[in-house]
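Just below is one structure, and these are the notes that go with it.
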Amino acid sequence: LWGPVWLVAACLRLLVLAVVWSGTAVAHVLQGACAANHPRLVARHALLEPASRQCTCRCLLLNACLYRGALFVYEAALPAAVEALLGVDLATDPRYGWYEWAVLLLWSLPAYLVCEVVSTSWHYEMHRALASRAEAAASPAEAAAQGSGAAAGGAAAGS
């Protein structure tokens with residue numbers, strides 16, 4: 001009873017429990033992600049709101065043109081130009097093993113930080129615009145609610 005069969009059965013039970021717990025965790029994560037990022041709300045927010053649409057377009061252009069475009073230049077165009085002009089292959093020549101680290105430290109990291117700071121400031125501007133629009137939409141409703149409450153209070157005081 002305590003031989004290899006018992007050990008295999010215990011390991012299988014542990015494996016089944018791990019799979020069940022992992023499935024439960026994944027289900028909770030997906031449920032939370034869907035509740036927080038409902039596709040209808042995300043589409044409305046990203047496509048219909050002018051402030052968020054402008055911010056989304058700016059961020060896509062910044063990331064696609066500046067960051068990804070310059071990475072393409074440094075990773076594909078510059079090595080090809082060096083090989084065509086100087087006959088040196090930057091990818092395989094051991095004398096230029098530092099090239100990848102130089103691109104990473106001197107271009108990728110600073111450009112990523114600049115993109116993050118700029119896009120964060122744009123998201124903050126978008127948040128302010130959306131908040132002011134929400135306050136402007138809420139204030140007439142609050143005024144109407146206060147006005148009807150004052151009218152009801154005045155009518156009660158008059159009787």
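A note on labels: chains of the structure tokens are A, B, ... as shown, every chain counts residues from 1, and ligands are counted from 1 in their shown order.
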
Contacts of A:Ser52 at 12 Å (only C-alpha atoms; same-chain gap of 3+ positions) as a ChimeraX atom specification: /A:42-49,55-59,119,122-131

Using only N, CA and C atoms, please write the residues we just selected to a file, as an mmCIF file, in the first residue's frame.
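Resulting contents of result.cif:
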data_model
loop_
_atom_site.group_PDB
_atom_site.id
_atom_site.type_symbol
_atom_site.label_atom_id
_atom_site.label_comp_id
_atom_site.auth_asym_id
_atom_site.auth_seq_id
_atom_site.Cartn_x
_atom_site.Cartn_y
_atom_site.Cartn_z
ATOM 1 N N VAL A 42 -14.652 49.885 -23.336
ATOM 2 C CA VAL A 42 -13.348 50.228 -23.898
ATOM 3 C C VAL A 42 -13.516 50.809 -25.289
ATOM 4 N N ALA A 43 -14.363 50.202 -26.112
ATOM 5 C CA ALA A 43 -14.583 50.705 -27.468
ATOM 6 C C ALA A 43 -15.192 52.098 -27.425
ATOM 7 N N ARG A 44 -16.185 52.303 -26.557
ATOM 8 C CA ARG A 44 -16.796 53.625 -26.450
ATOM 9 C C ARG A 44 -15.780 54.649 -25.969
ATOM 10 N N HIS A 45 -14.991 54.261 -24.982
ATOM 11 C CA HIS A 45 -14.008 55.172 -24.416
ATOM 12 C C HIS A 45 -12.921 55.512 -25.429
ATOM 13 N N ALA A 46 -12.425 54.521 -26.162
ATOM 14 C CA ALA A 46 -11.304 54.745 -27.076
ATOM 15 C C ALA A 46 -11.726 55.351 -28.401
ATOM 16 N N LEU A 47 -12.957 55.097 -28.837
ATOM 17 C CA LEU A 47 -13.354 55.537 -30.174
ATOM 18 C C LEU A 47 -14.317 56.718 -30.187
ATOM 19 N N LEU A 48 -15.154 56.845 -29.179
ATOM 20 C CA LEU A 48 -16.187 57.875 -29.231
ATOM 21 C C LEU A 48 -15.852 59.132 -28.442
ATOM 22 N N GLU A 49 -15.110 59.005 -27.368
ATOM 23 C CA GLU A 49 -14.738 60.181 -26.583
ATOM 24 C C GLU A 49 -13.623 60.935 -27.314
ATOM 25 N N CYS A 55 -5.847 61.129 -27.441
ATOM 26 C CA CYS A 55 -4.751 60.577 -26.645
ATOM 27 C C CYS A 55 -4.304 59.230 -27.198
ATOM 28 N N THR A 56 -5.257 58.379 -27.582
ATOM 29 C CA THR A 56 -4.919 57.076 -28.143
ATOM 30 C C THR A 56 -4.140 57.223 -29.438
ATOM 31 N N CYS A 57 -4.573 58.118 -30.309
ATOM 32 C CA CYS A 57 -3.863 58.338 -31.578
ATOM 33 C C CYS A 57 -2.463 58.882 -31.333
ATOM 34 N N ARG A 58 -2.339 59.821 -30.425
ATOM 35 C CA ARG A 58 -1.012 60.369 -30.104
ATOM 36 C C ARG A 58 -0.074 59.278 -29.592
ATOM 37 N N CYS A 59 -0.563 58.462 -28.671
ATOM 38 C CA CYS A 59 0.287 57.416 -28.092
ATOM 39 C C CYS A 59 0.671 56.381 -29.141
ATOM 40 N N SER A 119 3.513 59.927 -22.730
ATOM 41 C CA SER A 119 2.187 59.314 -22.791
ATOM 42 C C SER A 119 1.463 59.421 -21.452
ATOM 43 N N TRP A 122 -0.039 62.822 -21.412
ATOM 44 C CA TRP A 122 -1.220 62.846 -22.278
ATOM 45 C C TRP A 122 -2.398 62.150 -21.624
ATOM 46 N N HIS A 123 -2.152 61.033 -20.931
ATOM 47 C CA HIS A 123 -3.238 60.357 -20.228
ATOM 48 C C HIS A 123 -3.783 61.233 -19.098
ATOM 49 N N TYR A 124 -2.920 61.983 -18.445
ATOM 50 C CA TYR A 124 -3.392 62.885 -17.394
ATOM 51 C C TYR A 124 -4.259 63.986 -17.992
ATOM 52 N N GLU A 125 -3.848 64.542 -19.123
ATOM 53 C CA GLU A 125 -4.673 65.551 -19.799
ATOM 54 C C GLU A 125 -6.024 64.963 -20.200
ATOM 55 N N MET A 126 -6.010 63.727 -20.708
ATOM 56 C CA MET A 126 -7.252 63.070 -21.094
ATOM 57 C C MET A 126 -8.146 62.888 -19.873
ATOM 58 N N HIS A 127 -7.562 62.472 -18.757
ATOM 59 C CA HIS A 127 -8.345 62.286 -17.534
ATOM 60 C C HIS A 127 -8.980 63.600 -17.090
ATOM 61 N N ARG A 128 -8.210 64.679 -17.131
ATOM 62 C CA ARG A 128 -8.775 65.986 -16.747
ATOM 63 C C ARG A 128 -9.912 66.382 -17.675
ATOM 64 N N ALA A 129 -9.755 66.178 -18.973
ATOM 65 C CA ALA A 129 -10.813 66.532 -19.924
ATOM 66 C C ALA A 129 -12.063 65.700 -19.679
ATOM 67 N N LEU A 130 -11.892 64.403 -19.453
ATOM 68 C CA LEU A 130 -13.049 63.546 -19.200
ATOM 69 C C LEU A 130 -13.716 63.892 -17.868
ATOM 70 N N ALA A 131 -12.906 64.213 -16.857
ATOM 71 C CA ALA A 131 -13.473 64.578 -15.549
ATOM 72 C C ALA A 131 -14.243 65.893 -15.636
#

Using only C-alpha atoms, I'd like a table of the residues in stretch 25-80 of chain A that come within 7 Å of stretch 109-117 of chain A; for each, show the closest atom pair and its distance in Å rounded to one decimal, ordered by chain and ascending number, as CSV.
residue,atom,partner,partner_atom,distance
A:Leu62,CA,A:Cys115,CA,7.0
A:Asn63,CA,A:Cys115,CA,6.9
A:Tyr67,CA,A:Ala111,CA,6.3

Put those residues in a file: C-alpha atoms, as a PDB file, in the first residue's frame.
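Once everything was written out, this is part_30.pdb:
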ATOM      1  CA  LEU A  62       4.564  58.162 -30.598  1.00  0.00           C
ATOM      2  CA  ASN A  63       5.194  54.478 -29.977  1.00  0.00           C
ATOM      3  CA  TYR A  67      10.205  54.309 -30.587  1.00  0.00           C
TER       4      TYR A  67
END

Residue list (alpha helix (DSSP H), DSSP) for chain A, as a PyMOL selection string: chain A and resi 4-36+39-43+50-61+69-72+78-86+99-103+109-158

Length of the atom CA of A:Ala91 to atom CA of A:Pro79 vector [Å]: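 Atom CA of A:Pro79 lies at a distance of 7.6 Å from atom CA of A:Ala91.
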
Distance of atom CA of A:Gly32 from atom CA of A:Leu15, expressed in Å to one decimal place: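 Interatomic distance here is 25.6 Å.
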